[in-house]
file model-v6.cif (mmCIF, C-alpha atoms)
data_target
loop_
_atom_site.label_atom_id
_atom_site.label_comp_id
_atom_site.auth_asym_id
_atom_site.auth_seq_id
_atom_site.Cartn_x
_atom_site.Cartn_y
_atom_site.Cartn_z
CA MET N 1 125.84 168.29 161.37
CA THR N 2 129.23 166.59 161.10
CA ILE N 3 130.19 163.91 158.58
CA THR N 4 133.63 162.31 158.39
CA GLU N 5 134.74 160.08 155.55
CA SER N 6 138.13 159.41 153.94
CA SER N 7 139.79 161.39 156.76
CA ILE N 8 137.88 164.51 155.68
CA THR N 9 135.39 166.14 158.04
CA LEU N 10 132.47 168.26 156.88
CA ASN N 11 131.04 170.46 159.66
CA PHE N 12 127.79 171.76 158.26
CA PRO N 13 126.10 174.60 160.17
CA ASP N 14 122.67 172.99 159.83
CA ASN N 15 120.88 169.74 158.99
CA ASN N 16 120.20 170.47 155.32
CA VAL N 17 122.24 167.38 154.52
CA PHE N 18 121.32 164.41 152.37
CA ARG N 19 123.21 161.21 151.62
CA PHE N 20 122.10 159.05 148.71
CA GLN N 21 123.54 155.99 150.46
CA ASP N 22 120.99 156.43 153.27
CA CYS N 23 118.03 156.75 150.90
CA GLN N 24 116.00 153.67 150.01
CA GLY N 25 114.91 155.37 146.78
CA TYR N 26 118.55 155.49 145.69
CA ARG N 27 119.37 152.00 146.97
CA ASP N 28 116.52 150.56 144.90
CA ILE N 29 118.11 151.84 141.65
CA GLN N 30 121.81 151.81 142.53
CA HIS N 31 122.71 148.73 140.49
CA ASN N 32 123.96 150.82 137.55
CA PHE N 33 124.16 154.14 139.36
CA LYS N 34 126.93 155.78 141.32
CA GLU N 35 126.44 158.48 143.92
CA MET N 36 128.45 161.22 145.46
CA ASP N 37 128.89 161.02 149.22
CA VAL N 38 127.15 164.06 150.66
CA CYS N 39 124.72 166.73 149.49
CA TRP N 40 124.35 169.95 151.46
CA TYR N 41 121.90 172.73 150.68
CA GLU N 42 123.15 176.16 151.75
CA GLN N 43 119.87 177.98 152.12
CA ALA N 44 121.34 181.51 152.42
CA THR N 45 122.88 181.29 148.94
CA ASN N 46 120.40 178.83 147.40
CA THR N 47 123.32 176.53 146.58
CA LEU N 48 123.35 172.76 146.49
CA TYR N 49 126.79 171.30 147.15
CA ILE N 50 127.19 167.75 145.90
CA ILE N 51 130.38 166.40 147.45
CA GLU N 52 132.59 163.38 146.85
CA LEU N 53 135.20 162.47 149.47
CA LYS N 54 138.19 160.29 148.57
CA ASP N 55 141.39 159.21 150.31
CA TRP N 56 144.09 158.63 147.70
CA GLY N 57 147.04 158.69 150.09
CA ASN N 58 150.40 159.86 148.79
CA GLY N 59 150.36 158.46 145.28
CA ILE N 60 153.12 155.93 145.84
CA LEU N 61 152.32 152.42 144.65
CA ASN N 62 153.55 149.29 146.40
CA GLU N 63 154.77 148.14 142.98
CA GLU N 64 157.27 151.00 142.91
CA SER N 65 159.39 149.27 145.55
CA ASP N 66 159.42 145.98 143.64
CA PRO N 67 162.64 145.75 141.57
CA ASN N 68 160.98 143.17 139.32
CA ILE N 69 158.50 145.70 137.97
CA SER N 70 159.82 147.99 135.24
CA ALA N 71 159.48 151.77 135.20
CA GLU N 72 157.36 151.43 132.06
CA LYS N 73 154.99 149.05 133.85
CA ILE N 74 154.70 151.50 136.78
CA VAL N 75 153.77 154.27 134.34
CA GLU N 76 151.18 151.98 132.74
CA ILE N 77 149.69 151.11 136.14
CA LYS N 78 149.54 154.77 137.17
CA GLU N 79 147.88 155.78 133.90
CA GLY N 80 145.27 153.06 134.43
CA ILE N 81 144.60 154.23 137.98
CA SER N 82 144.26 157.84 136.83
CA ALA N 83 141.85 156.93 134.03
CA TYR N 84 139.77 154.87 136.48
CA ARG N 85 139.67 157.74 139.00
CA VAL N 86 138.59 160.32 136.43
CA ASN N 87 135.89 157.96 135.15
CA GLU N 88 134.59 157.29 138.67
CA LEU N 89 134.42 161.00 139.54
CA TRP N 90 132.70 161.75 136.23
CA LYS N 91 130.18 158.87 136.60
CA LYS N 92 129.33 159.83 140.19
CA SER N 93 128.81 163.44 139.12
CA VAL N 94 126.58 162.62 136.16
CA ASP N 95 124.45 160.16 138.13
CA SER N 96 124.08 162.41 141.19
CA VAL N 97 123.13 165.43 139.08
CA SER N 98 120.69 163.26 137.09
CA MET N 99 118.89 162.24 140.27
CA PHE N 100 118.44 165.87 141.30
CA MET N 101 117.34 166.85 137.81
CA SER N 102 114.67 164.14 137.92
CA ILE N 103 113.41 165.78 141.11
CA LEU N 104 113.29 169.20 139.42
CA LEU N 105 111.39 167.65 136.50
CA LYS N 106 108.97 166.04 138.97
CA LYS N 107 109.33 162.60 137.43
CA PRO N 108 107.29 159.95 139.26
CA TYR N 109 110.21 157.94 140.68
CA SER N 110 112.05 161.05 141.86
CA GLN N 111 109.69 161.33 144.84
CA ASN N 112 111.38 158.21 146.25
CA ILE N 113 114.62 160.19 146.41
CA GLN N 114 113.15 163.59 147.35
CA SER N 115 111.37 162.05 150.33
CA CYS N 116 114.78 161.27 151.88
CA SER N 117 115.98 164.87 151.63
CA SER N 118 115.50 167.54 154.30
CA PHE N 119 115.49 170.33 151.70
CA ILE N 120 113.87 171.26 148.41
CA ILE N 121 115.74 172.75 145.47
CA THR N 122 114.28 174.85 142.66
CA HIS N 123 115.28 175.73 139.11
CA ALA N 124 117.06 178.77 140.57
CA THR N 125 119.25 176.67 142.87
CA LYS N 126 122.94 176.82 142.00
CA VAL N 127 124.74 173.46 141.94
CA ARG N 128 128.39 173.07 142.95
CA LEU N 129 130.19 169.76 142.58
CA LEU N 130 133.17 169.24 144.86
CA SER N 131 135.43 166.21 144.75
CA ILE N 132 137.71 166.54 147.76
CA ILE N 133 140.75 164.28 147.85
CA ASN N 134 142.74 163.48 150.95
CA TRP N 135 146.12 163.69 149.19
CA THR N 136 149.12 163.50 151.50
CA SER N 137 151.81 164.15 148.89
CA PRO N 138 153.14 167.72 148.95
CA ASP N 139 153.10 167.63 145.12
CA VAL N 140 149.56 168.50 144.03
CA THR N 141 150.25 168.38 140.29
CA TYR N 142 148.63 164.94 140.14
CA ILE N 143 145.37 166.27 141.59
CA ALA N 144 145.58 169.23 139.20
CA SER N 145 145.88 166.83 136.25
CA ILE N 146 142.94 164.77 137.52
CA ASN N 147 140.95 168.01 137.88
CA SER N 148 141.77 169.00 134.28
CA ALA N 149 140.76 165.59 132.90
CA TYR N 150 137.55 165.57 134.99
CA LYS N 151 136.62 169.11 133.93
CA SER N 152 137.21 168.23 130.29
CA ARG N 153 134.99 165.18 130.58
CA PHE N 154 132.19 166.83 132.59
CA LYS N 155 132.08 170.24 130.86
CA SER N 156 129.29 169.33 128.40
CA TYR N 157 127.09 168.17 131.28
CA ALA N 158 127.92 171.32 133.22
CA LYS N 159 126.84 173.40 130.25
CA LEU N 160 123.66 171.36 129.79
CA TYR N 161 122.70 171.68 133.48
CA ASP N 162 124.11 175.21 133.97
CA ILE N 163 126.59 174.06 136.60
CA LYS N 164 129.23 176.76 136.95
CA SER N 165 131.40 175.10 139.58
CA PHE N 166 132.77 171.56 139.38
CA ILE N 167 136.21 170.82 140.71
CA VAL N 168 138.59 168.21 142.08
CA MET N 169 140.74 169.59 144.92
CA THR N 170 142.89 168.41 147.76
CA LYS N 171 141.67 168.39 151.33
CA THR N 172 144.13 171.20 152.06
CA GLN N 173 142.73 173.31 149.23
CA ALA N 174 139.17 172.62 150.41
CA ILE N 175 139.99 173.65 153.99
CA THR N 176 141.38 176.92 152.63
CA ASN N 177 138.26 177.62 150.57
CA PHE N 178 135.43 176.42 152.85
CA ASP N 179 135.14 177.08 156.56
CA TRP N 180 132.98 173.98 157.04
CA ILE N 181 135.70 171.53 155.96
CA SER N 182 138.45 170.19 158.21
#

call {"tool": "encode", "arguments": {"input": "model-v6.cif", "output": "structure tokens"}}
result
Amino acid sequence: MTITESSITLNFPDNNVFRFQDCQGYRDIQHNFKEMDVCWYEQATNTLYIIELKDWGNGILNEESDPNISAEKIVEIKEGISAYRVNELWKKSVDSVSMFMSILLKKPYSQNIQSCSSFIITHATKVRLLSIINWTSPDVTYIASINSAYKSRFKSYAKLYDIKSFIVMTKTQAITNFDWIS
């Protein structure tokens, strides 16, 4: 199955794919919830990948070419954007993991979400969170700093839910690490 979003293509070898956005059970509660874009269950390794896809371009703001905007203001704008991005990635991760945990706990409403999925996870299923960023700047230090801030913010949840892998990476890094990403 192939999914393309934010100029990132995921070429899964099977149909063990689930998208919260396509699930009525999620849509009925989404008012205060966020969701990650794609979930793929790799049966051979009993691993659930929960994946967020973003296109953040090259990191250059239109305001940077405006001579009326000070360098200090540009820094302030960029810091605000970075804080917003980290918060969004964190919120999407917490909410997406919470929905799967409700399924594992067999809570009544969780059936409305499980019924949309083509796979079933167990307590032994490993969970990997991937936030893949289409970042066209050759300087990846920004993505590395976002990854550090995200990891710092999510680490208590990762410990609580025994999630060993949660990362923010560029599309190029993802292509290098996973043969199903292009």

call {"tool": "atom_distance", "arguments": {"input": "model-v6.cif", "atom1": "atom CA of Lys151 of chain N", "atom2": "atom CA of Gln173 of chain N"}}
result
17.0 Å

call {"tool": "atom_distance", "arguments": {"input": "model-v6.cif", "atom1": "atom CA of Gly59 of chain N", "atom2": "atom CA of Asn134 of chain N"}}
result
10.7 Å

call {"tool": "closest_residue", "arguments": {"input": "model-v6.cif", "among": "N:Phe18, N:Tyr49, N:Phe12, N:Tyr41", "to": "Ile163 of chain N", "atoms": "all atoms listed in the file"}}
result
N:Tyr49

call {"tool": "closest_residue", "arguments": {"input": "model-v6.cif", "among": "N:Asn15, N:Thr125, N:Thr2, N:Thr170", "to": "Ile143 of chain N", "atoms": "all atoms listed in the file"}}
result
N:Thr170

call {"tool": "resolve_selection", "arguments": {"input": "model-v6.cif", "expression": "the PyMOL selection byres ((chain N and resi 78-80) around 12)", "output": "PyMOL selection string"}}
result
chain N and resi 59-64+71-77+81-87+142+145-146

call {"tool": "residues_around", "arguments": {"input": "model-v6.cif", "residues": "Asp14 of chain N", "least_positions_apart": "2", "cutoff": "9 Å", "atoms": "only C-alpha atoms", "output": "number ranges by chain"}}
result
N: 1, 11-12, 16-17, 42

call {"tool": "closest_residue", "arguments": {"input": "model-v6.cif", "among": "N:Asp22, N:Asp179, N:Asp28, N:Glu35", "to": "Lys91 of chain N", "atoms": "all atoms listed in the file"}}
result
N:Glu35

call {"tool": "atom_distance", "arguments": {"input": "model-v6.cif", "atom1": "atom CA of Thr172 of chain N", "atom2": "atom CA of Ser7 of chain N"}}
result
11.7 Å

call {"tool": "resolve_selection", "arguments": {"input": "model-v6.cif", "expression": "the PyMOL selection byres ((chain N and resi 150) around 8)", "output": "list in words"}}
result
Val86, Asn87, Leu89, Trp90, Ile146, Asn147, Ser148, Ala149, Lys151, Ser152, Arg153, Phe154, Ile167 and Val168 of chain N

call {"tool": "closest_residue", "arguments": {"input": "model-v6.cif", "among": "N:Met169, N:Met101, N:Ile133, N:Ile69", "to": "Ser6 of chain N", "atoms": "all atoms listed in the file"}}
result
N:Ile133

call {"tool": "closest_residue", "arguments": {"input": "model-v6.cif", "among": "N:Lys155, N:Tyr161, N:Arg19, N:Lys171", "to": "Trp40 of chain N", "atoms": "all atoms listed in the file"}}
result
N:Arg19

call {"tool": "resolve_selection", "arguments": {"input": "model-v6.cif", "expression": "the PyMOL selection byres ((chain N and resi 165) around 8)", "output": "PDB file with C-alpha atoms, in the coordinates of the input"}}
result
ATOM      1  CA  VAL N 127     124.740 173.460 141.940  1.00  0.00           C
ATOM      2  CA  ARG N 128     128.390 173.070 142.950  1.00  0.00           C
ATOM      3  CA  LEU N 129     130.190 169.760 142.580  1.00  0.00           C
ATOM      4  CA  ILE N 163     126.590 174.060 136.600  1.00  0.00           C
ATOM      5  CA  LYS N 164     129.230 176.760 136.950  1.00  0.00           C
ATOM      6  CA  PHE N 166     132.770 171.560 139.380  1.00  0.00           C
ATOM      7  CA  ILE N 167     136.210 170.820 140.710  1.00  0.00           C
TER       8      ILE N 167
END

call {"tool": "residues_around", "arguments": {"input": "model-v6.cif", "residues": "segment 105-108 of chain N", "least_positions_apart": "6", "cutoff": "10 Å", "atoms": "all atoms listed in the file", "output": "list in words"}}
result
Met99, Gln114, Thr122 and His123 of chain N

call {"tool": "residues_around", "arguments": {"input": "model-v6.cif", "residues": "Ser137 of chain N", "least_positions_apart": "2", "cutoff": "8 Å", "atoms": "all atoms listed in the file", "output": "PDB file with C-alpha atoms, in the frame of the given file"}}
result
ATOM      1  CA  GLY N  57     147.040 158.690 150.090  1.00  0.00           C
ATOM      2  CA  ASN N  58     150.400 159.860 148.790  1.00  0.00           C
ATOM      3  CA  GLY N  59     150.360 158.460 145.280  1.00  0.00           C
ATOM      4  CA  TRP N 135     146.120 163.690 149.190  1.00  0.00           C
ATOM      5  CA  ASP N 139     153.100 167.630 145.120  1.00  0.00           C
ATOM      6  CA  VAL N 140     149.560 168.500 144.030  1.00  0.00           C
TER       7      VAL N 140
END

call {"tool": "build_atoms", "arguments": {"input": "model-v6.cif", "residues": "segment 147-164 of chain N", "atoms": "N, CA and C atoms", "output": "PDB file, in the frame of the given file"}}
result
ATOM      1  N   ASN N 147     141.959 166.956 137.988  1.00  0.00           N
ATOM      2  CA  ASN N 147     140.950 168.010 137.880  1.00  0.00           C
ATOM      3  C   ASN N 147     140.768 168.425 136.411  1.00  0.00           C
ATOM      4  N   SER N 148     141.857 168.604 135.696  1.00  0.00           N
ATOM      5  CA  SER N 148     141.770 169.000 134.280  1.00  0.00           C
ATOM      6  C   SER N 148     141.050 167.942 133.450  1.00  0.00           C
ATOM      7  N   ALA N 149     141.402 166.674 133.666  1.00  0.00           N
ATOM      8  CA  ALA N 149     140.760 165.590 132.900  1.00  0.00           C
ATOM      9  C   ALA N 149     139.275 165.489 133.255  1.00  0.00           C
ATOM     10  N   TYR N 150     138.946 165.615 134.541  1.00  0.00           N
ATOM     11  CA  TYR N 150     137.550 165.570 134.990  1.00  0.00           C
ATOM     12  C   TYR N 150     136.762 166.733 134.387  1.00  0.00           C
ATOM     13  N   LYS N 151     137.311 167.940 134.461  1.00  0.00           N
ATOM     14  CA  LYS N 151     136.620 169.110 133.930  1.00  0.00           C
ATOM     15  C   LYS N 151     136.376 168.963 132.429  1.00  0.00           C
ATOM     16  N   SER N 152     137.360 168.441 131.727  1.00  0.00           N
ATOM     17  CA  SER N 152     137.210 168.230 130.290  1.00  0.00           C
ATOM     18  C   SER N 152     136.079 167.245 129.996  1.00  0.00           C
ATOM     19  N   ARG N 153     136.003 166.218 130.796  1.00  0.00           N
ATOM     20  CA  ARG N 153     134.990 165.180 130.580  1.00  0.00           C
ATOM     21  C   ARG N 153     133.591 165.625 130.996  1.00  0.00           C
ATOM     22  N   PHE N 154     133.497 166.442 132.051  1.00  0.00           N
ATOM     23  CA  PHE N 154     132.190 166.830 132.590  1.00  0.00           C
ATOM     24  C   PHE N 154     131.655 168.129 131.984  1.00  0.00           C
ATOM     25  N   LYS N 155     132.477 168.884 131.260  1.00  0.00           N
ATOM     26  CA  LYS N 155     132.080 170.240 130.860  1.00  0.00           C
ATOM     27  C   LYS N 155     130.793 170.285 130.021  1.00  0.00           C
ATOM     28  N   SER N 156     130.538 169.310 129.184  1.00  0.00           N
ATOM     29  CA  SER N 156     129.290 169.330 128.400  1.00  0.00           C
ATOM     30  C   SER N 156     128.074 169.169 129.297  1.00  0.00           C
ATOM     31  N   TYR N 157     128.195 168.340 130.321  1.00  0.00           N
ATOM     32  CA  TYR N 157     127.090 168.170 131.280  1.00  0.00           C
ATOM     33  C   TYR N 157     126.898 169.448 132.090  1.00  0.00           C
ATOM     34  N   ALA N 158     128.000 170.067 132.464  1.00  0.00           N
ATOM     35  CA  ALA N 158     127.920 171.320 133.220  1.00  0.00           C
ATOM     36  C   ALA N 158     127.203 172.381 132.401  1.00  0.00           C
ATOM     37  N   LYS N 159     127.514 172.436 131.125  1.00  0.00           N
ATOM     38  CA  LYS N 159     126.840 173.400 130.250  1.00  0.00           C
ATOM     39  C   LYS N 159     125.347 173.068 130.139  1.00  0.00           C
ATOM     40  N   LEU N 160     125.042 171.814 129.927  1.00  0.00           N
ATOM     41  CA  LEU N 160     123.660 171.360 129.790  1.00  0.00           C
ATOM     42  C   LEU N 160     122.832 171.695 131.028  1.00  0.00           C
ATOM     43  N   TYR N 161     123.411 171.483 132.218  1.00  0.00           N
ATOM     44  CA  TYR N 161     122.700 171.680 133.480  1.00  0.00           C
ATOM     45  C   TYR N 161     122.999 173.030 134.142  1.00  0.00           C
ATOM     46  N   ASP N 162     123.747 173.883 133.458  1.00  0.00           N
ATOM     47  CA  ASP N 162     124.110 175.210 133.970  1.00  0.00           C
ATOM     48  C   ASP N 162     124.816 175.120 135.333  1.00  0.00           C
ATOM     49  N   ILE N 163     125.770 174.212 135.406  1.00  0.00           N
ATOM     50  CA  ILE N 163     126.590 174.060 136.600  1.00  0.00           C
ATOM     51  C   ILE N 163     127.881 174.835 136.370  1.00  0.00           C
ATOM     52  N   LYS N 164     128.086 175.871 137.145  1.00  0.00           N
ATOM     53  CA  LYS N 164     129.230 176.760 136.950  1.00  0.00           C
ATOM     54  C   LYS N 164     130.470 176.285 137.707  1.00  0.00           C
TER      55      LYS N 164
END
